[in-house]
$ cat coords_17.cif   # mmCIF, C-alpha atoms and all ligand atoms
data_work
#
loop_
_atom_site.label_atom_id
_atom_site.label_comp_id
_atom_site.auth_asym_id
_atom_site.auth_seq_id
_atom_site.Cartn_x
_atom_site.Cartn_y
_atom_site.Cartn_z
CA MET J 59 -8.28 71.15 115.90
CA PHE J 60 -6.44 72.75 112.99
CA ASP J 61 -4.73 75.18 115.38
CA THR J 62 -3.62 72.32 117.59
CA LEU J 63 -2.10 70.46 114.65
CA LYS J 64 -0.43 73.64 113.41
CA SER J 65 1.06 74.29 116.83
CA ARG J 66 2.20 70.66 117.08
CA ILE J 67 3.95 70.84 113.70
CA PHE J 68 5.47 74.22 114.56
CA GLN J 69 6.86 72.99 117.89
CA GLY J 70 8.13 69.66 116.59
CA ASN J 71 9.38 67.02 119.02
CA GLN J 72 10.34 68.58 122.30
CA PHE J 73 11.80 65.49 123.89
CA ILE J 74 15.42 64.40 123.49
CA LYS J 75 15.16 61.50 121.05
CA ASP J 76 18.42 59.71 121.74
CA ILE J 77 18.79 60.14 125.49
CA LYS J 78 21.79 57.79 125.68
CA ASN J 79 23.80 59.99 123.32
CA ALA J 80 22.33 63.38 124.15
CA PRO J 81 24.77 66.26 123.64
CA MET J 82 25.96 68.16 126.71
CA ARG J 83 27.18 71.76 126.74
CA ASP J 84 30.96 72.17 127.00
CA GLN J 85 30.75 74.18 130.23
CA PHE J 86 29.25 71.21 132.13
CA ARG J 87 31.70 69.76 134.67
CA GLY J 88 31.49 66.00 134.46
CA PHE J 89 34.07 63.21 134.53
CA PRO J 90 37.44 64.63 135.67
CA ILE J 91 40.76 63.94 133.93
CA LEU J 92 43.82 63.96 136.18
CA LYS J 93 47.41 64.40 135.06
CA GLU J 94 50.33 62.80 136.82
CA GLY J 95 53.40 64.76 137.81
CA VAL J 96 51.75 67.44 139.88
CA GLU J 97 54.11 69.87 141.51
CA VAL J 98 51.69 71.97 143.46
CA CYS J 99 48.28 70.73 144.42
CA ASP J 100 46.56 72.13 147.45
CA GLU J 101 43.92 69.83 148.89
CA SER J 102 42.55 72.67 150.99
CA VAL J 103 40.85 74.20 147.92
CA CYS J 104 38.40 71.32 148.00
CA PRO J 105 35.32 71.99 150.15
CA THR J 106 34.49 68.30 150.65
CA GLY J 107 37.80 66.42 150.80
CA ALA J 108 37.12 64.86 147.39
CA LEU J 109 40.56 65.92 146.14
CA LYS J 110 43.56 63.96 147.42
CA THR J 111 47.05 64.70 146.23
CA ASN J 112 49.18 61.82 147.46
CA PRO J 113 48.39 60.03 145.23
CA LEU J 114 46.27 62.37 143.11
CA THR J 115 42.63 61.25 143.09
CA ILE J 116 39.15 62.75 142.98
CA ASP J 117 36.28 60.98 144.70
CA MET J 118 33.20 61.73 142.57
CA GLY J 119 31.03 60.58 145.46
CA LYS J 120 32.24 63.60 147.44
CA CYS J 121 32.89 66.04 144.61
CA THR J 122 30.57 69.03 144.17
CA PHE J 123 32.11 69.72 140.72
CA CYS J 124 32.77 73.30 141.90
CA GLY J 125 35.87 73.51 139.70
CA ALA J 126 38.09 75.10 142.40
CA CYS J 127 40.82 72.49 141.86
CA GLN J 128 40.85 73.18 138.12
CA LYS J 129 41.72 76.83 138.51
CA ILE J 130 45.34 77.91 138.52
CA SER J 131 46.23 80.53 141.04
CA PRO J 132 48.95 83.06 140.16
CA LEU J 133 50.17 82.65 143.74
CA GLN J 134 50.88 78.96 143.07
CA GLY J 135 49.37 78.23 146.44
CA ARG J 136 45.90 77.10 145.47
CA GLY J 137 44.54 74.68 142.90
CA CYS J 138 46.64 72.12 141.05
CA HIS J 139 49.52 72.64 138.64
CA GLU J 140 51.62 70.47 136.40
CA VAL J 141 55.35 70.20 137.00
CA THR J 142 55.91 72.42 133.99
CA GLY J 143 53.56 74.98 135.45
CA GLU J 144 51.53 74.90 132.25
CA GLY J 145 47.86 74.08 132.55
CA SER J 146 46.00 72.46 135.36
CA ALA J 147 46.50 68.95 136.70
CA VAL J 148 42.72 68.63 136.89
CA THR J 149 40.31 69.23 134.02
CA PHE J 150 36.65 68.40 133.86
CA THR J 151 35.18 66.87 130.71
CA ASN J 152 31.49 67.19 129.92
CA GLY J 153 31.07 63.41 130.35
CA TYR J 154 27.83 63.04 132.26
CA LYS J 155 27.49 59.25 132.61
CA LEU J 156 28.82 59.11 136.14
CA ALA J 157 26.68 56.46 137.86
CA SER J 158 28.22 53.34 139.35
CA THR J 159 27.09 50.28 141.27
CA ASP J 160 30.44 50.23 143.06
CA ARG J 161 31.30 53.05 145.50
CA ASP J 162 35.05 52.48 144.99
CA LYS J 163 34.78 53.07 141.24
CA LEU J 164 33.74 56.68 141.89
CA ILE J 165 37.37 57.40 142.81
CA VAL J 166 39.10 58.76 139.71
CA THR J 167 42.89 58.38 139.30
CA PRO J 168 45.29 59.64 136.59
CA GLN J 169 44.88 56.22 134.93
CA SER J 170 41.08 56.55 134.65
CA ASN J 171 39.41 57.50 131.41
CA TYR J 172 35.78 58.24 130.65
CA GLU J 173 35.18 55.59 127.96
CA ASP J 174 36.43 52.75 130.17
CA TYR J 175 34.52 54.14 133.14
CA VAL J 176 31.22 54.20 131.25
CA LYS J 177 31.76 50.60 130.11
CA SER J 178 32.58 49.18 133.53
CA ALA J 179 31.05 51.40 136.23
CA VAL J 180 27.60 49.81 136.29
CA GLU J 181 27.31 46.08 136.86
CA VAL J 182 24.22 44.82 135.08
CA LYS J 183 22.47 41.91 136.80
CA LYS J 184 20.09 39.67 134.86
CA GLU J 185 17.56 39.50 137.69
CA ILE J 186 17.40 43.31 137.96
CA VAL J 187 16.86 43.69 134.21
CA LYS J 188 14.15 41.02 134.28
CA MET J 189 12.41 42.53 137.31
CA PHE J 190 12.63 46.27 136.54
CA GLY J 191 13.64 46.53 132.86
CA HIS J 192 10.16 47.45 131.64
CA SER J 193 8.82 49.37 134.61
CA LEU J 194 10.52 51.02 137.56
CA LYS J 195 8.55 53.12 140.00
CA LEU J 196 10.58 55.14 142.49
CA ARG J 197 9.77 57.04 145.65
CA GLN J 198 12.03 60.06 146.14
CA VAL J 199 13.09 60.90 149.70
CA SER J 200 14.69 64.28 150.31
CA ALA J 201 16.68 63.60 153.45
CA ALA J 202 17.69 67.22 154.13
CA GLY J 203 18.72 68.04 150.58
CA CYS J 204 19.13 71.66 149.49
CA ASN J 205 16.47 71.20 146.77
CA GLY J 206 19.07 71.30 144.00
CA CYS J 207 19.07 67.55 143.37
CA GLU J 208 15.33 67.42 143.98
CA MET J 209 14.64 70.03 141.29
CA GLU J 210 16.79 68.15 138.79
CA LEU J 211 14.93 64.93 139.58
CA ASN J 212 11.68 66.77 138.93
CA ALA J 213 13.08 67.82 135.56
CA CYS J 214 13.66 64.15 134.63
CA SER J 215 9.92 63.80 134.08
CA ASN J 216 9.42 67.00 132.07
CA VAL J 217 8.68 67.11 128.34
CA ASN J 218 12.35 67.51 127.48
CA PHE J 219 13.86 64.53 129.31
CA ASP J 220 10.60 62.53 129.47
CA MET J 221 11.88 59.71 131.67
CA GLY J 222 8.41 58.16 131.76
CA ARG J 223 8.78 56.86 128.17
CA PHE J 224 11.30 54.32 129.54
CA GLY J 225 8.86 53.14 132.20
CA ILE J 226 10.68 55.03 134.96
CA ASP J 227 8.47 57.23 137.12
CA PHE J 228 8.38 58.82 140.54
CA VAL J 229 5.36 57.78 142.58
CA ALA J 230 3.74 59.35 145.62
CA SER J 231 3.48 56.29 147.85
CA PRO J 232 6.31 53.94 148.84
CA ARG J 233 3.69 51.16 148.69
CA HIS J 234 3.55 51.68 144.92
CA ALA J 235 7.33 51.89 144.51
CA ASP J 236 10.05 49.44 143.49
CA GLY J 237 12.71 51.43 145.28
CA ILE J 238 13.76 54.72 146.79
CA VAL J 239 15.96 57.55 145.54
CA ILE J 240 17.69 59.38 148.38
CA THR J 241 18.89 62.97 148.09
CA GLY J 242 20.47 65.03 150.85
CA PRO J 243 22.97 64.11 153.58
CA ILE J 244 20.34 62.38 155.85
CA SER J 245 19.75 64.57 158.87
CA LYS J 246 18.84 63.19 162.29
CA HIS J 247 15.32 64.51 161.77
CA MET J 248 14.90 62.62 158.47
CA ALA J 249 16.57 59.36 159.54
CA TYR J 250 13.40 57.78 160.96
CA ALA J 251 11.19 58.91 158.06
CA LEU J 252 13.72 57.55 155.56
CA GLU J 253 13.85 54.15 157.21
CA ASP J 254 10.07 54.09 157.56
CA CYS J 255 9.72 54.85 153.85
CA TYR J 256 12.25 52.13 152.94
CA LYS J 257 10.40 49.55 155.03
CA SER J 258 7.12 50.50 153.34
CA VAL J 259 8.46 49.61 149.89
CA PRO J 260 7.65 45.98 149.03
CA ASN J 261 10.49 43.56 148.28
CA PRO J 262 12.49 43.28 146.10
CA LYS J 263 13.52 46.94 146.19
CA LEU J 264 16.29 49.23 145.04
CA VAL J 265 18.14 52.00 146.88
CA ILE J 266 19.67 54.75 144.77
CA LEU J 267 21.88 57.46 146.28
CA CYS J 268 21.61 60.63 144.26
CA GLY J 269 24.15 63.45 144.66
CA ALA J 270 27.27 64.12 146.73
CA CYS J 271 25.20 64.73 149.88
CA ALA J 272 23.50 61.33 149.78
CA ILE J 273 26.65 59.44 148.78
CA SER J 274 29.09 61.01 151.25
CA GLY J 275 27.43 63.84 153.16
CA GLY J 276 28.89 66.30 150.61
CA VAL J 277 29.39 69.77 152.01
CA PHE J 278 27.49 68.74 155.15
CA GLN J 279 29.62 65.68 155.93
CA ASN J 280 31.04 67.10 159.17
CA SER J 281 27.70 68.25 160.55
CA THR J 282 26.74 66.88 163.95
CA GLU J 283 23.10 66.94 162.81
CA LEU J 284 23.42 63.95 160.47
CA ASN J 285 22.46 60.34 161.11
CA ARG J 286 23.67 58.17 158.22
CA GLU J 287 23.25 54.79 159.93
CA PHE J 288 20.71 53.83 157.24
CA LEU J 289 23.56 53.42 154.78
CA ASP J 290 25.30 50.86 157.01
CA LYS J 291 22.11 48.90 157.55
CA TYR J 292 20.79 48.49 154.00
CA PRO J 293 22.42 47.62 150.66
CA ILE J 294 22.92 50.40 148.12
CA ASP J 295 22.29 49.51 144.48
CA LEU J 296 23.37 52.59 142.58
CA TYR J 297 25.47 55.71 143.26
CA ILE J 298 24.77 58.73 141.05
CA PRO J 299 27.29 61.58 141.54
CA GLY J 300 26.65 65.29 141.03
CA CYS J 301 25.86 68.48 142.90
CA PRO J 302 23.20 68.68 141.73
CA VAL J 303 22.78 65.54 139.65
CA HIS J 304 21.99 66.39 136.01
CA PRO J 305 18.81 64.73 134.61
CA LEU J 306 20.91 63.07 131.88
CA THR J 307 23.20 61.63 134.56
CA PHE J 308 20.24 60.29 136.51
CA ILE J 309 18.29 58.84 133.57
CA ASN J 310 21.33 57.26 131.93
CA GLY J 311 22.50 55.90 135.29
CA VAL J 312 19.18 54.21 136.02
CA LEU J 313 18.77 52.99 132.43
CA SER J 314 22.23 51.43 132.45
CA TYR J 315 21.28 49.52 135.60
CA ILE J 316 17.91 48.19 134.47
CA SER J 317 18.46 47.62 130.73
CA LYS J 318 20.58 45.10 128.87
S1 LIG J 401 35.68 70.19 141.78
FE1 LIG J 401 35.44 68.50 143.25
S2 LIG J 401 37.52 67.83 143.73
FE2 LIG J 401 37.68 69.88 142.78
S3 LIG J 401 37.69 71.32 144.51
FE3 LIG J 401 35.55 71.14 143.84
S4 LIG J 401 34.68 69.49 145.12
FE4 LIG J 401 36.93 69.34 145.29
S1 LIG J 402 24.34 67.15 146.34
FE1 LIG J 402 24.46 69.39 146.05
S2 LIG J 402 22.57 69.92 144.95
FE2 LIG J 402 22.29 67.84 145.78
S3 LIG J 402 21.23 68.15 147.76
FE3 LIG J 402 23.48 68.12 148.17
S4 LIG J 402 24.15 70.29 148.11
FE4 LIG J 402 22.12 70.16 147.14
#

$ encode --input "coords_17.cif" --output "structure tokens"
Amino acid sequence: MFDTLKSRIFQGNQFIKDIKNAPMRDQFRGFPILKEGVEVCDESVCPTGALKTNPLTIDMGKCTFCGACQKISPLQGRGCHEVTGEGSAVTFTNGYKLASTDRDKLIVTPQSNYEDYVKSAVEVKKEIVKMFGHSLKLRQVSAAGCNGCEMELNACSNVNFDMGRFGIDFVASPRHADGIVITGPISKHMAYALEDCYKSVPNPKLVILCGACAISGGVFQNSTELNREFLDKYPIDLYIPGCPVHPLTFINGVLSYISK
């Protein structure tokens, strides 16, 4: 007993107390900042077509946050450059609150800024807060994900992020769930299982797309082995960008949707 108490005092609190304002390391690539007046910007550096240059935009629903567009090539043929040639036209901040209820809002322009995005990206609905604000049970469906997003979602429930303290948990059965979280680009082989799982969740239910693959197909978007008809058939409640999605991005995204 004494040893347990000693160990508890020695270890202190392991969970992040203020999850809504948790610090993020500087190297993390989050919300992008775009500068107007780009002289050279080669879309072909982008593996997913997230980067568009005329006009300059980045679609966070497609972006893998690989950073290729941020790098400045000495050959001036790759990446993005300002007219002056100094610095990059694209920089990534460590802003991790990237979730949105509106797919179109994931498209960042030179006029976008992180503070305004965080304030307006998630539309809070009274009925959702009332229904799920105190308890939200989710069934995760990996629809051909690479296991990157899935591992990060697992981490959401660990002692550090401790998502369960907010009443948000992953459950084993869709019958016990209030909604589904989809990762992966939705392969033909997973299309039936995904729809079956969705139908097994009682109404009312939420659908959350987690990661570039689920939102847009990501790096697999041109594969002939995908069947994304599910997304045309059923309403999507929340889009959470990333590749993979960081636990802080996921938890803050869901919290912003279900809390006042
Ligand atoms: S960071 Fe995003 S926009 Fe830039 S090249 Fe990579 S995927 Fe494309
Ligand atoms: S979004 Fe990235 S990390 Fe997530 S499943 Fe797709 S490839 Fe993997």

$ residues_near_ligand --input "coords_17.cif" --ligand "ligand LIG 401 (chain J)" --cutoff "8 Å" --atoms "only C-alpha atoms and all ligand atoms" --output "PyMOL selection string"
chain J and resi 101+103-109+116-118+120-128+137+148

$ write_last_selection --input "coords_17.cif" --atoms "C-alpha atoms" --output "PDB file, keeping the file's coordinate frame"
ATOM      1  CA  GLU J 101      43.920  69.830 148.890  1.00  0.00           C
ATOM      2  CA  VAL J 103      40.850  74.200 147.920  1.00  0.00           C
ATOM      3  CA  CYS J 104      38.400  71.320 148.000  1.00  0.00           C
ATOM      4  CA  PRO J 105      35.320  71.990 150.150  1.00  0.00           C
ATOM      5  CA  THR J 106      34.490  68.300 150.650  1.00  0.00           C
ATOM      6  CA  GLY J 107      37.800  66.420 150.800  1.00  0.00           C
ATOM      7  CA  ALA J 108      37.120  64.860 147.390  1.00  0.00           C
ATOM      8  CA  LEU J 109      40.560  65.920 146.140  1.00  0.00           C
ATOM      9  CA  ILE J 116      39.150  62.750 142.980  1.00  0.00           C
ATOM     10  CA  ASP J 117      36.280  60.980 144.700  1.00  0.00           C
ATOM     11  CA  MET J 118      33.200  61.730 142.570  1.00  0.00           C
ATOM     12  CA  LYS J 120      32.240  63.600 147.440  1.00  0.00           C
ATOM     13  CA  CYS J 121      32.890  66.040 144.610  1.00  0.00           C
ATOM     14  CA  THR J 122      30.570  69.030 144.170  1.00  0.00           C
ATOM     15  CA  PHE J 123      32.110  69.720 140.720  1.00  0.00           C
ATOM     16  CA  CYS J 124      32.770  73.300 141.900  1.00  0.00           C
ATOM     17  CA  GLY J 125      35.870  73.510 139.700  1.00  0.00           C
ATOM     18  CA  ALA J 126      38.090  75.100 142.400  1.00  0.00           C
ATOM     19  CA  CYS J 127      40.820  72.490 141.860  1.00  0.00           C
ATOM     20  CA  GLN J 128      40.850  73.180 138.120  1.00  0.00           C
ATOM     21  CA  GLY J 137      44.540  74.680 142.900  1.00  0.00           C
ATOM     22  CA  VAL J 148      42.720  68.630 136.890  1.00  0.00           C
TER      23      VAL J 148
END

$ residues_near_ligand --input "coords_17.cif" --ligand "ligand LIG 402 (chain J)" --cutoff "6 Å" --atoms "only C-alpha atoms and all ligand atoms" --output "list in words"
Gly203, Cys204, Asn205, Gly206, Cys207, Thr241, Gly242, Gly269, Ala270, Cys271, Cys301 and Pro302 of chain J

$ residues_around --input "coords_17.cif" --residues "Ile244 in chain J" --least-positions-apart "6" --cutoff "6 Å" --atoms "all atoms listed in the file" --output "number ranges by chain"
J: 201-202, 284, 286

$ atom_distance --input "coords_17.cif" --atom1 "CA of Leu194 in chain J" --atom2 "CA of Met82 in chain J"
25.5 Å

$ atom_distance --input "coords_17.cif" --atom1 "CA of Val277 in chain J" --atom2 "CA of Asn112 in chain J"
21.8 Å

$ atom_distance --input "coords_17.cif" --atom1 "CA of Asn261 in chain J" --atom2 "CA of Phe190 in chain J"
12.2 Å

$ closest_residue --input "coords_17.cif" --among "J:Lys183, J:Lys163, J:Lys188, J:Lys78" --to "Met221 in chain J" --atoms "only C-alpha atoms"
J:Lys78

$ axis_aligned_box --input "coords_17.cif" --around "range 190-206 of chain J" --padding-each-side "6 Å" --output "lines of an AutoDock Vina configuration file"
center_x = 13.8
center_y = 59.0
center_z = 142.9
size_x = 22.6
size_y = 37.4
size_z = 34.5

$ residues_around --input "coords_17.cif" --residues "Arg161 in chain J" --least-positions-apart "3" --cutoff "10 Å" --atoms "all atoms listed in the file" --output "VMD selection string"
chain J and resid 117 to 119 157 to 158 164 to 165 179 273 294 to 298

$ closest_residue --input "coords_17.cif" --among "J:Phe89, J:Tyr154, J:Phe288, J:Tyr172" --to "Lys246 in chain J" --atoms "all atoms listed in the file"
J:Phe288

$ residues_around --input "coords_17.cif" --residues "Asn212 in chain J" --least-positions-apart "4" --cutoff "9 Å" --atoms "only C-alpha atoms" --output "list in words"
Cys207, Glu208, Asn216, Phe228 and Pro305 of chain J

$ closest_residue --input "coords_17.cif" --among "J:Arg197, J:Ala249, J:Pro243, J:Glu283" --to "Ala230 in chain J" --atoms "only C-alpha atoms"
J:Arg197

$ residues_near_point --input "coords_17.cif" --point "(22.4, 46.6, 141.3)" --cutoff "10 Å" --atoms "all atoms listed in the file" --output "tab-separated table (two decimals) with C-alpha atoms, in the coordinates of the input"
chain	number	residue	atom	x	y	z
J	158	SER	CA	28.22	53.34	139.35
J	159	THR	CA	27.09	50.28	141.27
J	160	ASP	CA	30.44	50.23	143.06
J	180	VAL	CA	27.60	49.81	136.29
J	181	GLU	CA	27.31	46.08	136.86
J	182	VAL	CA	24.22	44.82	135.08
J	183	LYS	CA	22.47	41.91	136.80
J	184	LYS	CA	20.09	39.67	134.86
J	185	GLU	CA	17.56	39.50	137.69
J	186	ILE	CA	17.40	43.31	137.96
J	187	VAL	CA	16.86	43.69	134.21
J	264	LEU	CA	16.29	49.23	145.04
J	265	VAL	CA	18.14	52.00	146.88
J	266	ILE	CA	19.67	54.75	144.77
J	293	PRO	CA	22.42	47.62	150.66
J	294	ILE	CA	22.92	50.40	148.12
J	295	ASP	CA	22.29	49.51	144.48
J	296	LEU	CA	23.37	52.59	142.58
J	297	TYR	CA	25.47	55.71	143.26
J	312	VAL	CA	19.18	54.21	136.02
J	315	TYR	CA	21.28	49.52	135.60
J	316	ILE	CA	17.91	48.19	134.47

$ residues_near_point --input "coords_17.cif" --point "(8.3, 54.4, 132.7)" --cutoff "8 Å" --atoms "all atoms listed in the file" --output "PDB file with C-alpha atoms, keeping the file's coordinate frame"
ATOM      1  CA  HIS J 192      10.160  47.450 131.640  1.00  0.00           C
ATOM      2  CA  SER J 193       8.820  49.370 134.610  1.00  0.00           C
ATOM      3  CA  LEU J 194      10.520  51.020 137.560  1.00  0.00           C
ATOM      4  CA  LYS J 195       8.550  53.120 140.000  1.00  0.00           C
ATOM      5  CA  MET J 221      11.880  59.710 131.670  1.00  0.00           C
ATOM      6  CA  GLY J 222       8.410  58.160 131.760  1.00  0.00           C
ATOM      7  CA  ARG J 223       8.780  56.860 128.170  1.00  0.00           C
ATOM      8  CA  PHE J 224      11.300  54.320 129.540  1.00  0.00           C
ATOM      9  CA  GLY J 225       8.860  53.140 132.200  1.00  0.00           C
ATOM     10  CA  ILE J 226      10.680  55.030 134.960  1.00  0.00           C
ATOM     11  CA  ASP J 227       8.470  57.230 137.120  1.00  0.00           C
TER      12      ASP J 227
END

$ closest_residue --input "coords_17.cif" --among "J:Pro168, J:Pro81, J:Gly70, J:Pro262" --to "Lys110 in chain J" --atoms "only C-alpha atoms"
J:Pro168

$ closest_residue --input "coords_17.cif" --among "J:Ser317, J:Thr115, J:Gln72, J:Asn152" --to "His304 in chain J" --atoms "all atoms listed in the file"
J:Asn152

$ closest_residue --input "coords_17.cif" --among "J:Ser200, J:Val239, J:Ser314, J:Met209" --to "Lys177 in chain J" --atoms "only C-alpha atoms"
J:Ser314

$ decode --input "coords_17.cif" --residues "range 180-194 of chain J" --atoms "N, CA and C atoms" --output "short mmCIF file (atom, residue, chain, number, x, y, z; two decimals), in the first residue's frame"
data_model
loop_
_atom_site.label_atom_id
_atom_site.label_comp_id
_atom_site.auth_asym_id
_atom_site.auth_seq_id
_atom_site.Cartn_x
_atom_site.Cartn_y
_atom_site.Cartn_z
N VAL J 180 -16.20 24.29 -36.84
CA VAL J 180 -17.16 23.29 -36.36
C VAL J 180 -18.47 23.97 -35.98
N GLU J 181 -19.52 23.56 -36.64
CA GLU J 181 -20.85 24.11 -36.31
C GLU J 181 -21.46 23.28 -35.18
N VAL J 182 -21.70 23.95 -34.06
CA VAL J 182 -22.24 23.24 -32.90
C VAL J 182 -23.77 23.28 -32.97
N LYS J 183 -24.38 22.09 -32.88
CA LYS J 183 -25.85 22.03 -32.92
C LYS J 183 -26.36 21.63 -31.53
N LYS J 184 -27.40 22.37 -31.09
CA LYS J 184 -27.94 22.13 -29.74
C LYS J 184 -28.34 20.68 -29.52
N GLU J 185 -29.01 20.10 -30.55
CA GLU J 185 -29.51 18.73 -30.37
C GLU J 185 -28.37 17.72 -30.24
N ILE J 186 -27.24 17.99 -30.91
CA ILE J 186 -26.09 17.08 -30.81
C ILE J 186 -25.48 17.18 -29.41
N VAL J 187 -25.35 18.41 -28.91
CA VAL J 187 -24.79 18.62 -27.57
C VAL J 187 -25.67 17.94 -26.53
N LYS J 188 -26.99 18.11 -26.69
CA LYS J 188 -27.93 17.52 -25.72
C LYS J 188 -27.86 15.99 -25.75
N MET J 189 -27.77 15.45 -26.96
CA MET J 189 -27.80 13.99 -27.14
C MET J 189 -26.49 13.31 -26.73
N PHE J 190 -25.35 13.91 -27.14
CA PHE J 190 -24.06 13.23 -26.98
C PHE J 190 -23.06 13.95 -26.07
N GLY J 191 -23.46 15.11 -25.53
CA GLY J 191 -22.52 15.93 -24.76
C GLY J 191 -21.92 15.24 -23.55
N HIS J 192 -22.65 14.33 -22.94
CA HIS J 192 -22.14 13.67 -21.73
C HIS J 192 -21.58 12.28 -21.98
N SER J 193 -21.98 11.68 -23.10
CA SER J 193 -21.53 10.32 -23.38
C SER J 193 -21.60 10.06 -24.88
N LEU J 194 -20.47 9.67 -25.43
CA LEU J 194 -20.44 9.36 -26.87
C LEU J 194 -19.64 8.08 -27.06
#
